[in-house]
file coords09.cif (mmCIF, C-alpha atoms)
data_query
loop_
_atom_site.label_atom_id
_atom_site.label_comp_id
_atom_site.auth_asym_id
_atom_site.auth_seq_id
_atom_site.Cartn_x
_atom_site.Cartn_y
_atom_site.Cartn_z
CA SER A 625 15.63 -1.44 14.10
CA ASN A 626 16.18 -3.11 17.47
CA LEU A 627 15.54 0.31 19.01
CA VAL A 628 11.84 0.01 18.13
CA ASP A 629 11.51 -3.69 19.02
CA PRO A 630 8.32 -3.83 21.16
CA LYS A 631 9.82 -6.51 23.43
CA ARG A 632 13.43 -5.37 23.85
CA GLY A 633 13.63 -1.89 22.34
CA LYS A 634 13.74 1.43 24.17
CA LEU A 635 11.68 3.45 21.68
CA PRO A 636 7.96 2.77 21.25
CA LEU A 637 6.66 2.91 17.68
CA LEU A 638 4.29 5.68 18.79
CA ASP A 639 7.34 7.87 19.56
CA PHE A 640 9.23 7.00 16.37
CA PRO A 641 7.66 9.73 14.17
CA GLN A 642 8.93 12.43 16.54
CA PHE A 643 12.32 10.71 16.78
CA VAL A 644 12.97 10.67 13.00
CA VAL A 645 11.89 14.29 12.59
CA GLU A 646 14.12 15.51 15.42
CA ARG A 647 17.17 13.32 14.70
CA PHE A 648 17.14 13.12 10.91
CA GLY A 649 14.76 15.78 9.57
CA VAL A 650 12.77 13.24 7.55
CA PHE A 651 9.01 12.91 7.39
CA ALA A 652 8.39 9.31 6.34
CA ILE A 653 9.08 5.99 8.02
CA GLU A 654 9.08 2.32 6.99
CA PRO A 655 8.24 0.16 10.00
CA LEU A 656 8.50 -3.60 10.10
CA ASN A 657 5.49 -5.65 11.12
CA ASP A 658 7.59 -6.69 14.15
CA HIS A 659 7.63 -3.07 15.30
CA PHE A 660 3.87 -3.10 15.92
CA PRO A 661 3.04 -4.17 19.51
CA SER A 662 -0.59 -4.41 18.41
CA THR A 663 -2.72 -4.13 15.28
CA GLN A 664 -5.95 -3.53 17.15
CA PRO A 665 -7.98 -0.53 15.90
CA ASP A 666 -7.43 1.55 19.05
CA TYR A 667 -3.64 1.20 18.78
CA LEU A 668 -3.63 1.98 15.05
CA ALA A 669 -5.69 5.10 15.80
CA GLN A 670 -3.02 6.19 18.33
CA LEU A 671 -0.33 5.63 15.71
CA ARG A 672 -2.26 7.71 13.16
CA ASP A 673 -2.53 10.50 15.73
CA SER A 674 1.23 10.41 16.35
CA LEU A 675 1.96 10.48 12.62
CA THR A 676 -0.41 13.41 12.07
CA ALA A 677 0.98 15.36 15.03
CA HIS A 678 4.50 15.23 13.58
CA LYS A 679 3.48 15.47 9.90
CA VAL A 680 5.03 12.07 9.18
CA ARG A 681 3.80 9.44 6.72
CA ILE A 682 4.30 5.70 6.60
CA ALA A 683 5.92 4.97 3.24
CA ASN A 684 5.63 1.18 3.42
CA ILE A 685 5.18 -1.62 5.95
CA ALA A 686 7.74 -4.41 5.57
CA THR A 687 6.30 -7.72 6.68
CA GLY A 688 7.01 -11.41 6.62
CA LEU A 689 4.17 -13.90 6.46
CA GLY A 690 5.53 -16.91 8.33
CA GLY A 691 4.79 -19.14 5.36
CA SER A 692 4.92 -19.47 1.60
CA LEU A 693 2.64 -18.09 -1.09
CA TYR A 694 3.34 -21.27 -3.05
CA ASP A 695 2.96 -23.82 -0.24
CA PRO A 696 1.59 -26.99 -1.89
CA ASN A 697 -0.81 -27.39 1.03
CA ALA A 698 -3.85 -25.29 0.07
CA LEU A 699 -4.96 -24.75 3.68
CA LYS A 700 -1.53 -23.52 4.74
CA ARG A 701 -1.37 -21.30 1.67
CA GLN A 702 -4.77 -19.82 2.51
CA LYS A 703 -3.55 -18.93 6.01
CA VAL A 704 -0.59 -17.10 4.47
CA LEU A 705 -2.93 -15.19 2.15
CA GLU A 706 -5.10 -14.22 5.13
CA ARG A 707 -2.06 -12.89 7.01
CA ALA A 708 -1.09 -10.85 3.96
CA GLN A 709 -4.63 -9.46 3.73
CA HIS A 710 -4.44 -8.52 7.40
CA TRP A 711 -1.34 -6.40 6.77
CA ILE A 712 -3.01 -4.80 3.76
CA ASP A 713 -5.83 -3.84 6.16
CA VAL A 714 -3.29 -2.45 8.64
CA ALA A 715 -1.61 -0.43 5.88
CA GLN A 716 -4.92 1.08 4.86
CA ALA A 717 -5.72 1.90 8.50
CA VAL A 718 -2.48 3.84 9.07
CA GLY A 719 -2.30 5.44 5.63
CA SER A 720 0.55 3.38 4.20
CA PRO A 721 0.37 3.18 0.39
CA SER A 722 2.06 -0.24 0.31
CA ILE A 723 3.36 -3.31 2.09
CA ARG A 724 6.42 -5.45 1.39
CA LEU A 725 5.84 -9.20 1.45
CA HIS A 726 8.62 -11.75 1.67
CA LEU A 727 8.48 -14.46 -0.97
CA GLU A 728 9.29 -17.19 1.52
CA GLY A 729 10.20 -20.68 0.40
CA THR A 730 9.14 -24.14 1.52
CA LYS A 731 11.39 -27.08 2.32
CA ARG A 732 12.57 -29.20 -0.60
CA LEU A 733 10.46 -27.28 -3.10
CA LYS A 734 11.80 -24.97 -5.78
CA THR A 735 9.86 -21.72 -6.23
CA ASP A 736 6.52 -22.56 -7.84
CA VAL A 737 6.11 -19.57 -10.13
CA ALA A 738 2.58 -20.42 -11.31
CA THR A 739 1.20 -20.79 -7.77
CA THR A 740 3.05 -17.66 -6.63
CA VAL A 741 1.57 -15.68 -9.53
CA ALA A 742 -1.93 -16.95 -8.68
CA SER A 743 -1.50 -16.03 -4.99
CA LEU A 744 -0.19 -12.57 -5.83
CA GLY A 745 -3.03 -12.04 -8.29
CA ASN A 746 -5.45 -12.80 -5.47
CA LEU A 747 -3.69 -10.35 -3.15
CA ALA A 748 -3.45 -7.71 -5.86
CA ARG A 749 -7.24 -7.70 -6.25
CA TYR A 750 -7.58 -7.29 -2.49
CA GLY A 751 -4.89 -4.60 -2.44
CA GLN A 752 -6.63 -2.69 -5.21
CA LYS A 753 -9.84 -2.60 -3.18
CA LYS A 754 -7.90 -1.18 -0.24
CA GLN A 755 -5.66 1.02 -2.45
CA VAL A 756 -2.51 -0.68 -1.12
CA VAL A 757 0.35 -1.78 -3.41
CA ILE A 758 2.21 -5.05 -2.77
CA HIS A 759 6.00 -4.91 -3.05
CA LEU A 760 8.45 -7.78 -3.54
CA GLU A 761 12.07 -7.17 -2.46
CA ASN A 762 15.28 -8.76 -3.70
CA ASP A 763 16.13 -9.98 -0.22
CA SER A 764 16.73 -13.74 0.06
CA PRO A 765 19.52 -14.87 -2.31
CA THR A 766 17.54 -18.02 -3.10
CA THR A 767 13.80 -17.29 -3.11
CA GLU A 768 14.00 -13.56 -3.90
CA ASP A 769 16.60 -13.28 -6.65
CA ALA A 770 15.94 -10.08 -8.63
CA PHE A 771 15.54 -11.85 -11.95
CA LEU A 772 13.13 -14.41 -10.48
CA LEU A 773 11.08 -11.58 -8.99
CA GLY A 774 11.13 -9.73 -12.30
CA LYS A 775 9.70 -12.81 -14.01
CA ILE A 776 6.98 -13.18 -11.37
CA ILE A 777 5.99 -9.50 -11.41
CA LYS A 778 5.84 -9.53 -15.19
CA GLU A 779 3.57 -12.59 -15.16
CA VAL A 780 1.27 -11.19 -12.46
CA ASP A 781 0.92 -8.18 -14.77
CA THR A 782 -0.82 -5.74 -12.46
CA PRO A 783 0.18 -2.27 -11.19
CA TRP A 784 -0.67 -3.49 -7.68
CA VAL A 785 2.35 -5.85 -7.47
CA ARG A 786 5.68 -4.07 -7.87
CA ALA A 787 9.37 -4.37 -7.09
CA LEU A 788 11.18 -2.94 -4.08
CA PRO A 789 14.84 -2.61 -5.14
CA ASP A 790 17.40 -3.12 -2.40
CA PHE A 791 20.75 -1.55 -3.26
CA GLY A 792 22.93 -4.34 -1.89
CA ASN A 793 21.15 -7.56 -1.01
CA ALA A 794 22.29 -9.29 -4.21
CA MET A 795 25.87 -9.10 -2.89
CA ALA A 796 24.91 -12.05 -0.65
CA GLN A 797 24.78 -14.24 -3.76
CA ASN A 798 28.58 -13.91 -3.98
CA LYS A 799 28.55 -13.05 -7.68
CA GLY A 800 30.32 -9.71 -7.31
CA GLU A 801 29.53 -6.03 -7.64
CA SER A 802 28.57 -6.18 -11.32
CA PHE A 803 25.88 -8.76 -10.59
CA ASN A 804 24.60 -6.58 -7.76
CA TYR A 805 24.23 -3.56 -10.09
CA GLU A 806 22.53 -5.75 -12.72
CA SER A 807 20.11 -6.99 -10.06
CA VAL A 808 19.31 -3.44 -8.97
CA GLU A 809 18.67 -2.45 -12.60
CA GLU A 810 16.30 -5.40 -13.00
CA MET A 811 14.37 -4.41 -9.89
CA PHE A 812 14.02 -0.79 -11.01
CA ARG A 813 12.31 -1.99 -14.20
CA TYR A 814 9.32 -2.86 -12.01
CA ALA A 815 9.77 -0.40 -9.12
CA PHE A 816 7.10 2.01 -8.02
CA GLY A 817 6.89 3.28 -4.47
CA ILE A 818 10.05 2.64 -2.48
CA CYS A 819 13.65 1.39 -2.59
CA HIS A 820 16.17 0.51 0.13
CA VAL A 821 19.35 2.60 0.14
CA LYS A 822 22.57 1.24 1.60
CA ASP A 823 26.25 1.17 0.69
CA SER A 824 27.14 -2.06 2.49
CA LEU A 825 25.58 -5.39 3.40
CA ARG A 826 26.41 -7.40 6.49
CA VAL A 827 25.82 -11.16 6.39
CA ASN A 828 26.80 -12.68 9.73
CA LYS A 829 30.37 -11.39 10.22
CA LYS A 830 31.07 -10.61 6.57
CA VAL A 831 30.54 -7.09 5.21
CA TYR A 832 30.13 -6.46 1.48
CA ARG A 833 30.72 -2.95 0.13
CA PHE A 834 29.70 -1.35 -3.16
CA ASP A 835 29.40 2.05 -4.81
CA LEU A 836 26.46 4.07 -3.46
CA GLU A 837 26.77 6.79 -6.11
CA ARG A 838 26.68 4.26 -8.95
CA THR A 839 23.65 2.54 -7.45
CA LEU A 840 21.82 5.85 -7.02
CA GLU A 841 22.55 6.59 -10.68
CA ILE A 842 20.62 3.41 -11.59
CA ALA A 843 17.59 4.71 -9.71
CA ILE A 844 17.86 8.13 -11.32
CA ALA A 845 18.24 6.62 -14.81
CA ALA A 846 15.05 4.61 -14.15
CA LYS A 847 13.26 7.91 -13.35
CA PHE A 848 12.31 6.50 -9.97
CA ALA A 849 10.03 8.90 -8.09
CA GLY A 850 9.24 6.92 -4.93
CA TYR A 851 10.66 6.92 -1.42
CA TYR A 852 14.37 6.29 -0.76
CA SER A 853 14.35 4.33 2.51
CA ILE A 854 17.69 4.44 4.34
CA GLU A 855 18.88 1.06 5.64
CA TYR A 856 22.19 1.14 7.49
CA ASP A 857 23.32 -2.47 7.82
CA GLU A 858 26.65 -2.73 9.65
CA GLY A 859 25.59 -2.66 13.31
CA GLY A 860 26.75 -0.40 16.10
CA ASP A 861 25.57 3.19 16.50
CA ALA A 862 23.52 3.85 13.38
CA GLU A 863 22.80 7.57 13.78
CA VAL A 864 25.93 9.07 12.15
CA PRO A 865 26.10 6.64 9.19
CA THR A 866 22.34 7.01 8.65
CA LYS A 867 22.72 10.78 8.43
CA ARG A 868 25.58 10.29 5.96
CA LEU A 869 23.43 8.07 3.75
CA ILE A 870 20.55 10.56 3.92
CA GLU A 871 22.83 13.43 2.88
CA ALA A 872 24.43 11.48 0.02
CA THR A 873 21.04 10.37 -1.28
CA ALA A 874 19.49 13.82 -1.05
CA LYS A 875 22.46 15.32 -2.92
CA ALA A 876 22.29 12.71 -5.69
CA ILE A 877 18.57 13.02 -6.36
CA SER A 878 18.20 16.79 -5.92
#
call {"tool": "encode", "arguments": {"input": "coords09.cif", "output": "C-alpha cells"}}
result
Amino acid sequence: SNLVDPKRGKLPLLDFPQFVVERFGVFAIEPLNDHFPSTQPDYLAQLRDSLTAHKVRIANIATGLGGSLYDPNALKRQKVLERAQHWIDVAQAVGSPSIRLHLEGTKRLKTDVATTVASLGNLARYGQKKQVVIHLENDSPTTEDAFLLGKIIKEVDTPWVRALPDFGNAMAQNKGESFNYESVEEMFRYAFGICHVKDSLRVNKKVYRFDLERTLEIAIAAKFAGYYSIEYDEGGDAEVPTKRLIEATAKAIS
C-alpha cells in the first residue's frame, strides 16, 4: 500500500498493526519489503513490540530480489541468493512464518528451470534452518505463470518451497476467466501458508473482473488452511472495498 510507503506514505509500518485492528478487525498483516524503512535489529525489535502490543502477526513478507535466481552470471546469482537469505533472516526476526520471492527474469533468457530449482533448493535449506517457508506467487504473466511455478515447486520437492495463489493475476495473460480459475487450481495444489484474495485485477488502465465466490470455492475444495490476504487492486479509496472483500471471504470460509 502507498499509505505505508516509508518515503511518501502517511502511515509508518510501526503504526500499521494498530491501524488494521481498528479499521478492519483483523490480526495479521502482509507487508512488502518496501514497507520496511530499516531492517536493522533495533527497528525490527520496535516492530515486534508493536505487533505484540496489538496482538497482530505477520503472515508473510512479500519481497522482490532485484535480480534473477537463474542469472547465468554466478556472482550476480549469489548476490540475489544473499538478498533472499537476508529477508529470511528478517522474517525470523519479526516472527513471520514465510516470505514471498519474485521469480524475476533476465534479459533474452527463457526461464532456466534447472538453475532456478538449484537456487531454491539452496534457499530452502537456509529457510528450514530459520523455520521460514519460501513462497512463489503467480504474479508475472511471463516468468511466474502458475503452471511453470507448479513444475518448479514439484522439482524442488521440499515443504519449504510452496505456492502463493493469487486469485486474479493470471487474467493479465489475456486467456480469459477459465484460464484464471485453472491457474488458481494449479497454485492451490502446492499452497501452504497464504493466498491473495481479490475480485479484480488492474493492469495500467485496464480492469479485469472475475467471480470471487467461484475462486474461493477453489481454495475451499483444496482444503486450504492458511491466511487469506486481502488485496484490493483498483485504486482510489481502498477501505470500503477491502472491508467488502474481508466480509465475503469470512462468510465463504466460515
call {"tool": "residues_around", "arguments": {"input": "coords09.cif", "residues": "region 749-764 of chain A", "least_positions_apart": "4", "cutoff": "6 Å", "atoms": "only C-alpha atoms", "output": "ChimeraX atom specification"}}
result
/A:721-725,768-770,784-789,793
call {"tool": "resolve_selection", "arguments": {"input": "coords09.cif", "expression": "the PyMOL selection byres ((chain A and resi 805-810) around 9)", "output": "PyMOL selection string"}}
result
chain A and resi 762+769-771+774+789-792+794+801-804+811-814+838-839+842-843+846
call {"tool": "closest_residue", "arguments": {"input": "coords09.cif", "among": "A:Thr687, A:Thr739, A:Thr676, A:Ser692", "to": "Gly719 (chain A)", "atoms": "all atoms listed in the file"}}
result
A:Thr676
call {"tool": "resolve_selection", "arguments": {"input": "coords09.cif", "expression": "the PyMOL selection byres ((chain A and resi 639) around 12)", "output": "list in words"}}
result
Leu627, Val628, Pro630, Gly633, Lys634, Leu635, Pro636, Leu637, Leu638, Phe640, Pro641, Gln642, Phe643, Val644, Val645, Glu646, Ile653, His659, Gln670, Leu671, Arg672, Asp673, Ser674, Leu675, Ala677, His678 and Val680 of chain A
call {"tool": "residues_around", "arguments": {"input": "coords09.cif", "residues": "region 863-877 of chain A", "least_positions_apart": "5", "cutoff": "10 Å", "atoms": "only C-alpha atoms", "output": "list of chain:residue names"}}
result
A:Arg647, A:Phe648, A:Gly649, A:Val650, A:Val821, A:Lys822, A:Asp823, A:Leu836, A:Glu837, A:Leu840, A:Glu841, A:Ala843, A:Ile844, A:Phe848, A:Ala849, A:Tyr852, A:Ser853, A:Ile854, A:Glu855, A:Tyr856, A:Asp857, A:Glu858
call {"tool": "residues_near_point", "arguments": {"input": "coords09.cif", "point": "(2.9, -6.2, 22.2)", "cutoff": "10 Å", "atoms": "all atoms listed in the file", "output": "JSON, numbers by chain"}}
result
{"A": [629, 630, 631, 658, 659, 660, 661, 662, 663]}
call {"tool": "write_last_selection", "arguments": {"input": "coords09.cif", "atoms": "C-alpha atoms", "output": "PDB file, in the coordinates of the input"}}
result
ATOM      1  CA  ASP A 629      11.510  -3.690  19.020  1.00  0.00           C
ATOM      2  CA  PRO A 630       8.320  -3.830  21.160  1.00  0.00           C
ATOM      3  CA  LYS A 631       9.820  -6.510  23.430  1.00  0.00           C
ATOM      4  CA  ASP A 658       7.590  -6.690  14.150  1.00  0.00           C
ATOM      5  CA  HIS A 659       7.630  -3.070  15.300  1.00  0.00           C
ATOM      6  CA  PHE A 660       3.870  -3.100  15.920  1.00  0.00           C
ATOM      7  CA  PRO A 661       3.040  -4.170  19.510  1.00  0.00           C
ATOM      8  CA  SER A 662      -0.590  -4.410  18.410  1.00  0.00           C
ATOM      9  CA  THR A 663      -2.720  -4.130  15.280  1.00  0.00           C
TER      10      THR A 663
END
call {"tool": "atom_distance", "arguments": {"input": "coords09.cif", "atom1": "CA of Gly745 (chain A)", "atom2": "CA of Ala683 (chain A)"}}
result
22.4 Å
call {"tool": "build_atoms", "arguments": {"input": "coords09.cif", "residues": "region 787-801 of chain A", "atoms": "N, CA, C and O atoms", "output": "PDB file, in the coordinates of the input"}}
result
ATOM      1  N   ALA A 787       8.069  -4.025  -7.655  1.00  0.00           N
ATOM      2  CA  ALA A 787       9.370  -4.370  -7.090  1.00  0.00           C
ATOM      3  C   ALA A 787       9.822  -3.329  -6.076  1.00  0.00           C
ATOM      4  O   ALA A 787       9.580  -2.134  -6.248  1.00  0.00           O
ATOM      5  N   LEU A 788      10.505  -3.813  -5.042  1.00  0.00           N
ATOM      6  CA  LEU A 788      11.180  -2.940  -4.080  1.00  0.00           C
ATOM      7  C   LEU A 788      12.677  -3.210  -4.209  1.00  0.00           C
ATOM      8  O   LEU A 788      13.180  -4.200  -3.672  1.00  0.00           O
ATOM      9  N   PRO A 789      13.396  -2.372  -4.944  1.00  0.00           N
ATOM     10  CA  PRO A 789      14.840  -2.610  -5.140  1.00  0.00           C
ATOM     11  C   PRO A 789      15.637  -2.351  -3.861  1.00  0.00           C
ATOM     12  O   PRO A 789      15.506  -1.295  -3.250  1.00  0.00           O
ATOM     13  N   ASP A 790      16.426  -3.323  -3.466  1.00  0.00           N
ATOM     14  CA  ASP A 790      17.400  -3.120  -2.400  1.00  0.00           C
ATOM     15  C   ASP A 790      18.769  -2.943  -3.039  1.00  0.00           C
ATOM     16  O   ASP A 790      19.163  -3.725  -3.900  1.00  0.00           O
ATOM     17  N   PHE A 791      19.499  -1.922  -2.600  1.00  0.00           N
ATOM     18  CA  PHE A 791      20.750  -1.550  -3.260  1.00  0.00           C
ATOM     19  C   PHE A 791      21.864  -2.574  -3.112  1.00  0.00           C
ATOM     20  O   PHE A 791      22.815  -2.544  -3.885  1.00  0.00           O
ATOM     21  N   GLY A 792      21.772  -3.472  -2.103  1.00  0.00           N
ATOM     22  CA  GLY A 792      22.930  -4.340  -1.890  1.00  0.00           C
ATOM     23  C   GLY A 792      22.675  -5.781  -1.568  1.00  0.00           C
ATOM     24  O   GLY A 792      23.619  -6.560  -1.449  1.00  0.00           O
ATOM     25  N   ASN A 793      21.419  -6.189  -1.450  1.00  0.00           N
ATOM     26  CA  ASN A 793      21.150  -7.560  -1.010  1.00  0.00           C
ATOM     27  C   ASN A 793      21.687  -8.621  -1.961  1.00  0.00           C
ATOM     28  O   ASN A 793      22.007  -9.739  -1.542  1.00  0.00           O
ATOM     29  N   ALA A 794      21.791  -8.297  -3.248  1.00  0.00           N
ATOM     30  CA  ALA A 794      22.290  -9.290  -4.210  1.00  0.00           C
ATOM     31  C   ALA A 794      23.769  -9.608  -3.982  1.00  0.00           C
ATOM     32  O   ALA A 794      24.269 -10.624  -4.502  1.00  0.00           O
ATOM     33  N   MET A 795      24.479  -8.793  -3.214  1.00  0.00           N
ATOM     34  CA  MET A 795      25.870  -9.100  -2.890  1.00  0.00           C
ATOM     35  C   MET A 795      25.971 -10.430  -2.146  1.00  0.00           C
ATOM     36  O   MET A 795      26.983 -11.127  -2.242  1.00  0.00           O
ATOM     37  N   ALA A 796      24.904 -10.806  -1.423  1.00  0.00           N
ATOM     38  CA  ALA A 796      24.910 -12.050  -0.650  1.00  0.00           C
ATOM     39  C   ALA A 796      24.962 -13.282  -1.545  1.00  0.00           C
ATOM     40  O   ALA A 796      25.241 -14.393  -1.065  1.00  0.00           O
ATOM     41  N   GLN A 797      24.706 -13.111  -2.843  1.00  0.00           N
ATOM     42  CA  GLN A 797      24.780 -14.240  -3.760  1.00  0.00           C
ATOM     43  C   GLN A 797      26.215 -14.541  -4.196  1.00  0.00           C
ATOM     44  O   GLN A 797      26.461 -15.483  -4.952  1.00  0.00           O
ATOM     45  N   ASN A 798      27.144 -13.701  -3.732  1.00  0.00           N
ATOM     46  CA  ASN A 798      28.580 -13.910  -3.980  1.00  0.00           C
ATOM     47  C   ASN A 798      28.914 -13.988  -5.471  1.00  0.00           C
ATOM     48  O   ASN A 798      29.745 -14.792  -5.898  1.00  0.00           O
ATOM     49  N   LYS A 799      28.274 -13.120  -6.249  1.00  0.00           N
ATOM     50  CA  LYS A 799      28.550 -13.050  -7.680  1.00  0.00           C
ATOM     51  C   LYS A 799      29.192 -11.715  -8.060  1.00  0.00           C
ATOM     52  O   LYS A 799      29.329 -11.410  -9.244  1.00  0.00           O
ATOM     53  N   GLY A 800      29.563 -10.930  -7.049  1.00  0.00           N
ATOM     54  CA  GLY A 800      30.320  -9.710  -7.310  1.00  0.00           C
ATOM     55  C   GLY A 800      29.474  -8.465  -7.471  1.00  0.00           C
ATOM     56  O   GLY A 800      28.237  -8.515  -7.549  1.00  0.00           O
ATOM     57  N   GLU A 801      30.192  -7.329  -7.543  1.00  0.00           N
ATOM     58  CA  GLU A 801      29.530  -6.030  -7.640  1.00  0.00           C
ATOM     59  C   GLU A 801      28.722  -5.884  -8.922  1.00  0.00           C
ATOM     60  O   GLU A 801      27.614  -5.341  -8.915  1.00  0.00           O
TER      61      GLU A 801
END
